[in-house]
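Participant: As input, take upload-v6.tsv (TSV, C-alpha atoms):
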chain	number	residue	atom	x	y	z
Y	1	MET	CA	-89.66	36.77	-73.39
Y	2	ARG	CA	-91.46	33.58	-72.46
Y	3	SER	CA	-91.01	30.64	-74.83
Y	4	ILE	CA	-94.09	28.88	-76.16
Y	5	TRP	CA	-92.36	25.83	-77.63
Y	6	ASN	CA	-89.10	23.99	-77.06
Y	7	GLY	CA	-87.43	21.79	-79.64
Y	8	ALA	CA	-84.61	21.73	-82.16
Y	9	ILE	CA	-83.82	22.80	-85.71
Y	10	SER	CA	-82.88	19.86	-87.91
Y	11	PHE	CA	-80.26	21.10	-90.41
Y	12	GLY	CA	-79.13	17.95	-92.17
Y	13	LEU	CA	-77.25	15.99	-89.51
Y	14	VAL	CA	-76.91	19.12	-87.38
Y	15	SER	CA	-79.39	19.57	-84.53
Y	16	ILE	CA	-79.77	23.02	-82.95
Y	17	PRO	CA	-81.72	23.21	-79.66
Y	18	ILE	CA	-83.99	26.27	-79.75
Y	19	LYS	CA	-86.86	27.98	-78.01
Y	20	LEU	CA	-89.80	29.45	-79.88
Y	21	VAL	CA	-90.84	32.97	-78.83
Y	22	ASN	CA	-93.70	35.10	-80.17
Y	23	ALA	CA	-92.31	37.91	-82.36
Y	24	THR	CA	-95.51	39.95	-82.42
Y	25	GLU	CA	-98.14	41.11	-79.96
Y	26	SER	CA	-101.55	42.67	-80.29
Y	27	ARG	CA	-101.89	46.26	-79.10
Y	28	SER	CA	-105.57	46.66	-79.92
Y	29	VAL	CA	-107.91	47.80	-77.14
Y	30	SER	CA	-110.13	44.97	-75.92
Y	31	PHE	CA	-113.59	45.36	-74.41
Y	32	ARG	CA	-115.72	43.32	-72.03
Y	33	GLN	CA	-119.38	42.56	-72.50
Y	34	ILE	CA	-121.72	44.04	-69.88
Y	35	HIS	CA	-125.41	44.23	-69.16
Y	36	ALA	CA	-126.39	47.61	-70.60
Y	37	ALA	CA	-129.11	48.12	-67.95
Y	38	ASP	CA	-126.94	47.88	-64.82
Y	39	GLY	CA	-123.35	47.45	-66.08
Y	40	GLY	CA	-123.03	43.89	-64.80
Y	41	ARG	CA	-120.35	41.71	-66.40
Y	42	ILE	CA	-121.55	39.14	-68.94
Y	43	ARG	CA	-119.67	35.84	-68.69
Y	44	TYR	CA	-119.83	32.70	-70.77
Y	45	ARG	CA	-120.16	29.43	-68.98
Y	46	LYS	CA	-119.45	26.02	-70.47
Y	47	VAL	CA	-122.54	23.89	-70.01
Y	48	CYS	CA	-123.15	20.31	-71.11
Y	49	GLU	CA	-126.09	20.08	-73.52
Y	50	LEU	CA	-127.21	16.69	-72.14
Y	51	ASP	CA	-127.52	17.38	-68.41
Y	52	GLY	CA	-127.37	21.18	-68.41
Y	53	GLU	CA	-124.59	21.27	-65.81
Y	54	GLU	CA	-121.60	23.59	-65.94
Y	55	VAL	CA	-118.29	21.77	-66.46
Y	56	SER	CA	-114.71	22.79	-65.62
Y	57	GLN	CA	-111.79	22.95	-68.06
Y	58	ALA	CA	-110.34	19.70	-66.72
Y	59	GLU	CA	-113.54	17.85	-67.68
Y	60	ILE	CA	-113.49	19.06	-71.30
Y	61	GLY	CA	-112.06	16.80	-74.01
Y	62	LYS	CA	-111.88	16.82	-77.85
Y	63	ALA	CA	-114.11	15.21	-80.43
Y	64	TYR	CA	-114.55	15.22	-84.21
Y	65	GLU	CA	-118.05	15.97	-85.44
Y	66	GLU	CA	-119.20	14.11	-88.52
Y	67	SER	CA	-121.70	15.41	-91.03
Y	68	ASP	CA	-124.62	13.68	-89.28
Y	69	GLY	CA	-123.72	15.21	-85.90
Y	70	THR	CA	-122.04	12.13	-84.46
Y	71	MET	CA	-119.16	12.96	-82.11
Y	72	ILE	CA	-115.99	10.85	-82.24
Y	73	PRO	CA	-113.91	11.39	-79.07
Y	74	ILE	CA	-110.18	12.08	-79.63
Y	75	THR	CA	-107.77	11.92	-76.69
Y	76	ASP	CA	-104.29	13.38	-76.28
Y	77	GLU	CA	-102.95	9.80	-76.25
Y	78	ASP	CA	-104.48	9.19	-79.67
Y	79	LEU	CA	-102.69	12.24	-81.07
Y	80	ALA	CA	-99.41	11.35	-79.36
Y	81	THR	CA	-99.25	7.95	-81.09
Y	82	LEU	CA	-99.44	9.51	-84.58
Y	83	PRO	CA	-96.21	9.30	-86.64
Y	84	LEU	CA	-95.34	13.00	-86.48
Y	85	PRO	CA	-91.55	13.46	-86.85
Y	86	THR	CA	-91.84	17.22	-86.49
Y	87	ALA	CA	-93.50	17.06	-83.06
Y	88	LYS	CA	-90.38	18.51	-81.42
Y	89	THR	CA	-88.32	19.42	-84.48
Y	90	ILE	CA	-88.27	22.21	-87.03
Y	91	GLU	CA	-87.17	20.20	-90.05
Y	92	ILE	CA	-85.59	22.24	-92.83
Y	93	VAL	CA	-86.54	20.75	-96.20
Y	94	ALA	CA	-85.17	23.31	-98.70
Y	95	PHE	CA	-83.51	26.69	-99.26
Y	96	VAL	CA	-85.22	28.98	-101.79
Y	97	PRO	CA	-85.08	32.67	-102.81
Y	98	ALA	CA	-87.35	34.82	-100.69
Y	99	GLY	CA	-89.25	35.94	-103.80
Y	100	GLU	CA	-90.64	32.44	-104.28
Y	101	ILE	CA	-92.69	32.69	-101.07
Y	102	ASP	CA	-96.15	34.07	-101.74
Y	103	PRO	CA	-96.98	36.79	-99.17
Y	104	LEU	CA	-100.51	35.35	-99.03
Y	105	GLN	CA	-99.03	32.36	-97.21
Y	106	MET	CA	-97.56	34.48	-94.39
Y	107	ASP	CA	-98.99	33.73	-90.96
Y	108	ALA	CA	-97.73	34.24	-87.40
Y	109	ALA	CA	-94.10	35.24	-86.75
Y	110	TYR	CA	-91.71	33.83	-84.15
Y	111	TYR	CA	-88.14	34.34	-82.96
Y	112	LEU	CA	-85.91	31.29	-82.61
Y	113	SER	CA	-83.62	31.54	-79.59
Y	114	ALA	CA	-80.61	29.28	-79.06
Y	115	SER	CA	-81.25	27.03	-76.06
Y	116	GLY	CA	-78.06	26.73	-74.02
Y	117	ALA	CA	-74.40	27.47	-74.66
Y	118	ALA	CA	-73.94	24.35	-76.78
Y	119	ALA	CA	-76.47	25.62	-79.32
Y	120	ALA	CA	-74.69	28.96	-79.89
Y	121	LYS	CA	-72.18	27.65	-82.45
Y	122	PRO	CA	-74.58	25.74	-84.75
Y	123	TYR	CA	-77.15	28.53	-84.38
Y	124	THR	CA	-74.62	31.12	-85.55
Y	125	LEU	CA	-73.52	28.82	-88.39
Y	126	LEU	CA	-77.06	28.55	-89.75
Y	127	ARG	CA	-77.64	32.29	-89.36
Y	128	GLU	CA	-74.48	33.23	-91.28
Y	129	ALA	CA	-75.19	30.64	-93.97
Y	130	LEU	CA	-78.64	32.16	-94.53
Y	131	LYS	CA	-77.11	35.64	-94.74
Y	132	ARG	CA	-74.50	34.67	-97.29
Y	133	SER	CA	-76.83	32.65	-99.47
Y	134	ASP	CA	-79.44	35.44	-99.52
Y	135	LYS	CA	-82.10	32.72	-99.28
Y	136	VAL	CA	-84.72	31.56	-96.81
Y	137	ALA	CA	-85.22	28.11	-95.38
Y	138	VAL	CA	-88.50	26.25	-95.83
Y	139	ALA	CA	-89.25	24.00	-92.88
Y	140	LYS	CA	-91.97	21.80	-91.38
Y	141	TYR	CA	-92.85	21.87	-87.69
Y	142	ALA	CA	-95.69	20.87	-85.37
Y	143	LEU	CA	-97.46	23.29	-83.05
Y	144	ARG	CA	-100.72	23.03	-81.11
Y	145	GLY	CA	-101.56	19.57	-82.39
Y	146	ARG	CA	-100.98	20.04	-86.12
Y	147	GLU	CA	-98.11	20.09	-88.56
Y	148	ARG	CA	-97.34	23.43	-90.10
Y	149	LEU	CA	-95.15	24.98	-92.77
Y	150	GLY	CA	-92.60	27.66	-91.91
Y	151	MET	CA	-90.03	29.99	-93.41
Y	152	LEU	CA	-86.77	30.82	-91.63
Y	153	ARG	CA	-84.94	34.08	-92.32
Y	154	VAL	CA	-82.47	36.37	-90.57
Y	155	VAL	CA	-83.65	39.52	-88.77
Y	156	ASP	CA	-80.69	41.50	-87.40
Y	157	ASP	CA	-78.73	38.79	-85.54
Y	158	VAL	CA	-81.69	36.52	-84.88
Y	159	ILE	CA	-83.28	33.71	-86.87
Y	160	ALA	CA	-86.98	34.39	-87.29
Y	161	MET	CA	-89.61	31.95	-88.45
Y	162	HIS	CA	-92.83	32.86	-90.23
Y	163	GLY	CA	-95.63	30.35	-90.13
Y	164	LEU	CA	-96.89	29.64	-93.64
Y	165	LEU	CA	-100.25	28.40	-94.80
Y	166	TRP	CA	-100.20	25.27	-96.87
Y	167	PRO	CA	-100.59	25.91	-100.62
Y	168	ASP	CA	-104.03	24.26	-100.65
Y	169	GLU	CA	-105.20	26.71	-97.96
Y	170	ILE	CA	-104.87	29.67	-100.34
Y	171	ARG	CA	-108.07	30.39	-102.22
Y	172	ALA	CA	-108.00	31.04	-105.95
Y	173	PRO	CA	-109.07	34.63	-106.77
Y	174	GLU	CA	-112.05	33.56	-108.85
Y	175	GLY	CA	-114.69	36.22	-109.47
Y	176	VAL	CA	-112.67	38.90	-107.68
Y	177	ALA	CA	-111.23	40.84	-110.64
Y	178	PRO	CA	-113.55	43.20	-112.59
Y	179	GLU	CA	-115.60	41.22	-115.05
Y	180	THR	CA	-116.08	44.14	-117.44
Y	181	PRO	CA	-113.05	44.75	-119.70
Y	182	VAL	CA	-111.45	48.10	-118.90
Y	183	SER	CA	-108.81	49.96	-120.92
Y	184	VAL	CA	-106.39	52.34	-119.25
Y	185	ARG	CA	-104.84	55.18	-121.23
Y	186	ASP	CA	-101.15	56.07	-121.12
Y	187	ALA	CA	-102.00	59.53	-119.78
Y	188	GLU	CA	-103.78	57.96	-116.80
Y	189	LEU	CA	-100.82	55.67	-116.13
Y	190	ASP	CA	-98.47	58.67	-116.30
Y	191	LEU	CA	-100.51	60.52	-113.68
Y	192	ALA	CA	-100.62	57.39	-111.51
Y	193	ASP	CA	-96.82	57.13	-111.77
Y	194	ALA	CA	-96.52	60.81	-110.85
Y	195	LEU	CA	-98.70	60.25	-107.78
Y	196	MET	CA	-96.63	57.25	-106.71
Y	197	ALA	CA	-93.41	59.23	-107.14
Y	198	THR	CA	-94.83	62.17	-105.17
Y	199	LEU	CA	-95.95	60.01	-102.25
Y	200	GLY	CA	-92.51	58.42	-102.26
Y	201	GLU	CA	-91.30	56.04	-99.58
Y	202	VAL	CA	-92.12	55.93	-95.88
Y	203	ASP	CA	-90.40	54.68	-92.77
Y	204	ILE	CA	-92.72	51.94	-91.53
Y	205	ALA	CA	-91.54	52.57	-87.98
Y	206	THR	CA	-93.15	56.02	-88.04
Y	207	LEU	CA	-96.64	54.68	-88.75
Y	208	HIS	CA	-99.01	54.19	-85.82
Y	209	ASP	CA	-102.59	53.25	-85.04
Y	210	ASP	CA	-104.60	56.49	-84.98
Y	211	TYR	CA	-107.82	54.66	-84.14
Y	212	ARG	CA	-106.31	53.01	-81.08
Y	213	GLU	CA	-105.04	56.37	-79.82
Y	214	ALA	CA	-108.50	57.89	-80.26
Y	215	VAL	CA	-110.06	55.00	-78.31
Y	216	GLU	CA	-107.54	55.38	-75.49
Y	217	GLN	CA	-108.19	59.15	-75.30
Y	218	MET	CA	-111.93	58.54	-75.17
Y	219	ILE	CA	-111.54	55.98	-72.35
Y	220	ALA	CA	-109.30	58.35	-70.38
Y	221	ALA	CA	-111.80	61.21	-70.78
Y	222	LYS	CA	-114.74	59.09	-69.64
Y	223	ALA	CA	-112.74	57.67	-66.73
Y	224	GLU	CA	-112.21	61.21	-65.43
Y	225	GLY	CA	-115.94	61.86	-65.57
Y	226	GLY	CA	-115.85	63.90	-68.75
Y	227	ALA	CA	-117.84	63.52	-71.89
Y	228	ALA	CA	-116.85	61.46	-74.85
Y	229	VAL	CA	-114.59	62.97	-77.49
Y	230	ALA	CA	-116.57	64.83	-80.14
Y	231	PRO	CA	-116.56	62.91	-83.41
Y	232	PRO	CA	-114.99	64.61	-86.44
Y	233	GLU	CA	-117.24	66.13	-89.04
Y	234	PRO	CA	-118.07	63.56	-91.70
Y	235	GLU	CA	-116.73	64.23	-95.15
Y	236	ALA	CA	-119.16	64.95	-97.93
Y	237	ALA	CA	-120.27	61.70	-99.48
Y	238	GLY	CA	-119.82	61.14	-103.16
Y	239	GLY	CA	-123.48	60.27	-103.61
Y	240	GLY	CA	-122.75	57.64	-106.24
Y	241	GLN	CA	-121.45	60.20	-108.72
Y	242	VAL	CA	-119.22	59.14	-111.59
Y	243	ILE	CA	-115.59	59.90	-110.75
Y	244	ASP	CA	-113.44	61.82	-113.23
Y	245	LEU	CA	-110.33	59.66	-112.95
Y	246	MET	CA	-107.98	62.15	-114.58
Y	247	ALA	CA	-109.20	65.03	-112.40
Y	248	ALA	CA	-108.95	62.86	-109.28
Y	249	LEU	CA	-105.39	61.85	-110.12
Y	250	GLU	CA	-104.35	65.43	-110.82
Y	251	SER	CA	-105.90	66.61	-107.55
Y	252	SER	CA	-104.17	63.79	-105.68
Y	253	VAL	CA	-100.78	64.77	-107.12
Y	254	ARG	CA	-101.33	68.42	-106.14
Y	255	ALA	CA	-102.45	67.48	-102.62
Y	256	ALA	CA	-99.47	65.16	-102.15
Y	257	LYS	CA	-97.04	67.84	-103.30
Y	258	GLU	CA	-98.59	70.43	-100.99
Y	259	ALA	CA	-98.36	67.98	-98.07
Y	260	ARG	CA	-94.65	67.51	-98.80
Y	261	GLY	CA	-94.10	71.28	-99.01
Y	262	GLU	CA	-93.68	71.34	-102.77
Y	263	GLY	CA	-95.47	73.44	-105.36
Y	264	GLY	CA	-98.93	72.14	-105.99
Y	265	ASP	CA	-98.84	72.87	-109.75
Y	266	ALA	CA	-95.42	71.42	-110.42
Y	267	ASP	CA	-95.23	68.71	-113.09
Y	268	VAL	CA	-99.01	68.64	-113.45
Y	269	ARG	CA	-100.12	69.41	-117.00
Y	270	GLU	CA	-103.66	69.69	-118.15
Y	271	LEU	CA	-104.25	67.40	-121.09
Y	272	THR	CA	-106.05	68.96	-124.08
Y	273	PRO	CA	-108.87	66.75	-125.38
Y	274	ARG	CA	-108.22	65.25	-128.78
Y	275	LYS	CA	-111.41	66.61	-130.34
Y	276	THR	CA	-110.56	70.20	-129.47
Y	277	SER	CA	-107.03	69.95	-130.87
Y	278	ALA	CA	-108.37	68.54	-134.16
Y	279	ARG	CA	-110.70	71.48	-134.69
Y	280	THR	CA	-108.16	74.20	-133.92
Y	281	PRO	CA	-106.53	74.36	-137.41
Y	282	LYS	CA	-109.94	74.79	-139.05
Y	283	GLU	CA	-110.84	77.67	-136.77
Y	284	THR	CA	-107.46	79.36	-137.46
Y	285	GLY	CA	-107.95	79.01	-141.18
Y	286	ALA	CA	-111.38	80.61	-140.95
Y	287	ARG	CA	-109.90	83.65	-139.23
Y	288	LYS	CA	-107.26	84.03	-141.95
Y	289	SER	CA	-109.81	83.85	-144.77
Y	290	THR	CA	-111.95	86.50	-143.06
Y	291	SER	CA	-109.04	88.93	-142.85
Y	292	LYS	CA	-108.19	88.36	-146.49
Y	293	THR	CA	-111.78	89.02	-147.56
Y	294	ALA	CA	-111.83	92.28	-145.63
Y	295	ALA	CA	-108.59	93.35	-147.29
Y	296	LYS	CA	-109.97	92.58	-150.75
Y	297	LYS	CA	-113.12	94.62	-150.06
Y	298	ALA	CA	-111.12	97.58	-148.82
Y	299	ALA	CA	-108.74	97.60	-151.82
Y	300	PRO	CA	-111.28	98.55	-154.58
Y	301	ALA	CA	-112.47	101.48	-152.47
Y	302	ARG	CA	-108.98	102.99	-152.47
Y	303	LYS	CA	-108.58	102.56	-156.25
Y	304	SER	CA	-111.93	104.16	-157.02
Y	305	THR	CA	-110.98	107.16	-154.88
Y	306	SER	CA	-107.80	107.74	-156.88
Y	307	LYS	CA	-109.66	107.44	-160.17
Y	308	THR	CA	-112.22	109.96	-158.99
Y	309	ALA	CA	-109.50	112.44	-158.17
Y	310	GLY	CA	-108.03	112.02	-161.65
Y	311	ALA	CA	-111.35	112.45	-163.46
Y	312	GLY	CA	-112.23	115.61	-161.55
Y	313	SER	CA	-110.25	117.73	-164.02
Y	314	GLY	CA	-112.29	116.47	-166.98
Y	315	ALA	CA	-115.70	117.49	-168.36
Y	316	GLY	CA	-119.21	116.53	-167.27
Y	317	GLY	CA	-118.70	112.85	-168.02
Y	318	GLY	CA	-115.91	112.91	-165.52
Y	319	ARG	CA	-118.27	114.52	-162.98
Y	320	MET	CA	-120.86	111.76	-163.48
Y	321	ALA	CA	-118.19	109.13	-162.97
Y	322	ALA	CA	-117.10	110.92	-159.84
Y	323	LYS	CA	-120.64	110.86	-158.47
Y	324	LYS	CA	-120.97	107.12	-159.11
Y	325	THR	CA	-117.64	106.41	-157.54
Y	326	THR	CA	-118.52	108.52	-154.52
Y	327	ALA	CA	-121.71	106.58	-154.07
Y	328	LYS	CA	-119.76	103.32	-154.08
Y	329	THR	CA	-117.27	104.57	-151.50
Y	330	PRO	CA	-117.86	102.88	-148.12
Y	331	THR	CA	-119.55	105.07	-145.51
Y	332	LYS	CA	-116.99	104.03	-142.87
Y	333	SER	CA	-114.03	105.40	-144.86
Y	334	THR	CA	-115.87	108.71	-145.49
Y	335	ALA	CA	-116.62	109.05	-141.79
Y	336	LYS	CA	-113.01	108.37	-140.91
Y	337	THR	CA	-111.80	111.01	-143.44
Y	338	ALA	CA	-114.22	113.59	-142.06
Y	339	ALA	CA	-113.08	112.82	-138.55
Y	340	LYS	CA	-109.45	113.31	-139.52
Y	341	LYS	CA	-110.22	116.71	-141.18
Y	342	THR	CA	-112.13	117.86	-138.14
Y	343	ALA	CA	-109.29	116.87	-135.85
Y	344	ALA	CA	-106.81	118.74	-138.09
Y	345	LYS	CA	-108.93	121.91	-137.98
Y	346	LYS	CA	-109.15	121.78	-134.19
Y	347	THR	CA	-105.40	121.29	-133.94
Y	348	THR	CA	-104.73	124.26	-136.23
Y	349	ALA	CA	-107.14	126.44	-134.28
Y	350	SER	CA	-105.60	125.53	-130.97
Y	351	THR	CA	-102.14	126.26	-132.37
Y	352	LYS	CA	-103.19	129.71	-133.48
Y	353	LYS	CA	-104.66	130.51	-130.08
Y	354	ALA	CA	-101.59	129.28	-128.27
Y	355	THR	CA	-99.17	131.45	-130.35
Y	356	PRO	CA	-98.57	134.84	-128.59
Y	357	ARG	CA	-98.95	138.03	-130.65
Y	358	LYS	CA	-96.01	140.38	-131.09
Y	359	ARG	CA	-96.52	143.93	-129.82
Y	360	SER	CA	-95.42	146.81	-132.02
Y	361	ALA	CA	-92.77	149.08	-130.66
What do you get writing this file as structure tokens?
Facilitator:
Amino acid sequence: MRSIWNGAISFGLVSIPIKLVNATESRSVSFRQIHAADGGRIRYRKVCELDGEEVSQAEIGKAYEESDGTMIPITDEDLATLPLPTAKTIEIVAFVPAGEIDPLQMDAAYYLSASGAAAAKPYTLLREALKRSDKVAVAKYALRGRERLGMLRVVDDVIAMHGLLWPDEIRAPEGVAPETPVSVRDAELDLADALMATLGEVDIATLHDDYREAVEQMIAAKAEGGAAVAPPEPEAAGGGQVIDLMAALESSVRAAKEARGEGGDADVRELTPRKTSARTPKETGARKSTSKTAAKKAAPARKSTSKTAGAGSGAGGGRMAAKKTTAKTPTKSTAKTAAKKTAAKKTTASTKKATPRKRSA
């Protein structure tokens, strides 16, 4: 890999010659601008605003623009005379736990390569010291005309450096969080935890850019004279509807389990609303009282029937009492008794028919 910066790591009184190499590269598909009418390439030319002439890169210098538009020319010699001790040195200023570095400060990443055989021993010493301390080194360095902040850590057997933004370059998150106070229930947090556990961990190395692959396939198809790849069917839009958070979480857990080959209904319980559970005892009690009332109404009918049977052997007064009692007897019980007698008669008749007659000798 080609180095982009040569210098040394300053580790106390130890100086380690190194080369700075880019640790990352962009794989995104880039496009050119063309004239849509005829496909001609569109190019940008650097033109002086005063005389309107195009200028080459060698004729272009630097300048600082003030608020009123005045340009103050700045030459490379002016920058070279500035007291910048980190111009060719990565100066380590402290060793801190990695958790103290805010990920918001992370910028570009580089590999530090030992420059020459003499740098191998001090390079290895610093690498092993970082491993054993389980810390990272905070350093200052200069690159592309400005001083920067960096973090040194060990990746495999190489020292890597992450460029860091200065603390005053991180914006405060004012007005970003929801302004309306929101309360989250424990049941919702439980479902969120279940979803996180179902999704589990992932090997970052297996993730890839699906959009870039689709763009490359489209370019290949058009280069062969074919048509563009048909776009996928758009999903149904929500239409600004209010989302049922609990239902969405439950559906997400089921979908994640099905994607992992697990049962979709496992460990997903439907929560009973509190209002419904509070009314359930009352409804149960109402059913019990209804059955008791029916039993009480049925009991007097049985007693009156027995009394009527006993009074039947008496005189006329007993007959009058029997008539009154019969009138009070529920119609349903009389119908049931008649039905039973009819069924008994039919059974007896069928039994008689089924019995074979004996023939006389």
Participant: Considering only C-alpha atoms, can you say which of Y:Gln105, Y:Glu216, Y:Lys222, Y:Thr198 comes closest to Ala256 (chain Y)?
Facilitator: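 Smallest distance to Ala256 (chain Y) is found for Y:Thr198.
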Participant: Quick one: residues within 10 Å of Leu130 (chain Y), all atoms listed in the file, excluding same-chain residues fewer than 3 positions away - as a VMD selection string?
Facilitator: chain Y and resid 95 124 to 127 133 to 137 152 to 154 159
Participant: One decimal, in Å: what's the spacing between CA of Thr86 (chain Y) and CA of Glu147 (chain Y)?
Facilitator: 7.2 Å
Participant: Between CA of Glu77 (chain Y) and CA of Gly7 (chain Y), what is the distance, to one decimal in Å?
Facilitator: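 Taking CA of Glu77 (chain Y) as the start and CA of Gly7 (chain Y) as the end point, the length is 19.9 Å.
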Participant: Mind giving me the straight-line distance from CA of Glu213 (chain Y) to CA of Leu199 (chain Y) in Å, one decimal?
Facilitator: 24.5 Å
Participant: Have a look at Y:Ala223, Y:Val55, Y:Met218, Y:Ala192 and name the one nearest to Ser251 (chain Y); count all atoms listed in the file.
Facilitator: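 That would be Y:Ala192, the residue with the smallest distance to Ser251 (chain Y).
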Participant: Nearest to Ala194 (chain Y) among Y:Ser252, Y:Tyr141, Y:Lys131, Y:Val93, with distances taken over only C-alpha atoms: which residue is it?
Facilitator: Y:Ser252
Participant: Can you tell me, as JSON, numbers by chain, what residues are no more than 10 Å from Arg146 (chain Y) when counting all atoms listed in the file, ignoring any on the same chain fewer than 2 positions away?
Facilitator: {"Y": [79, 84, 86, 87, 141, 142, 143, 144, 148]}
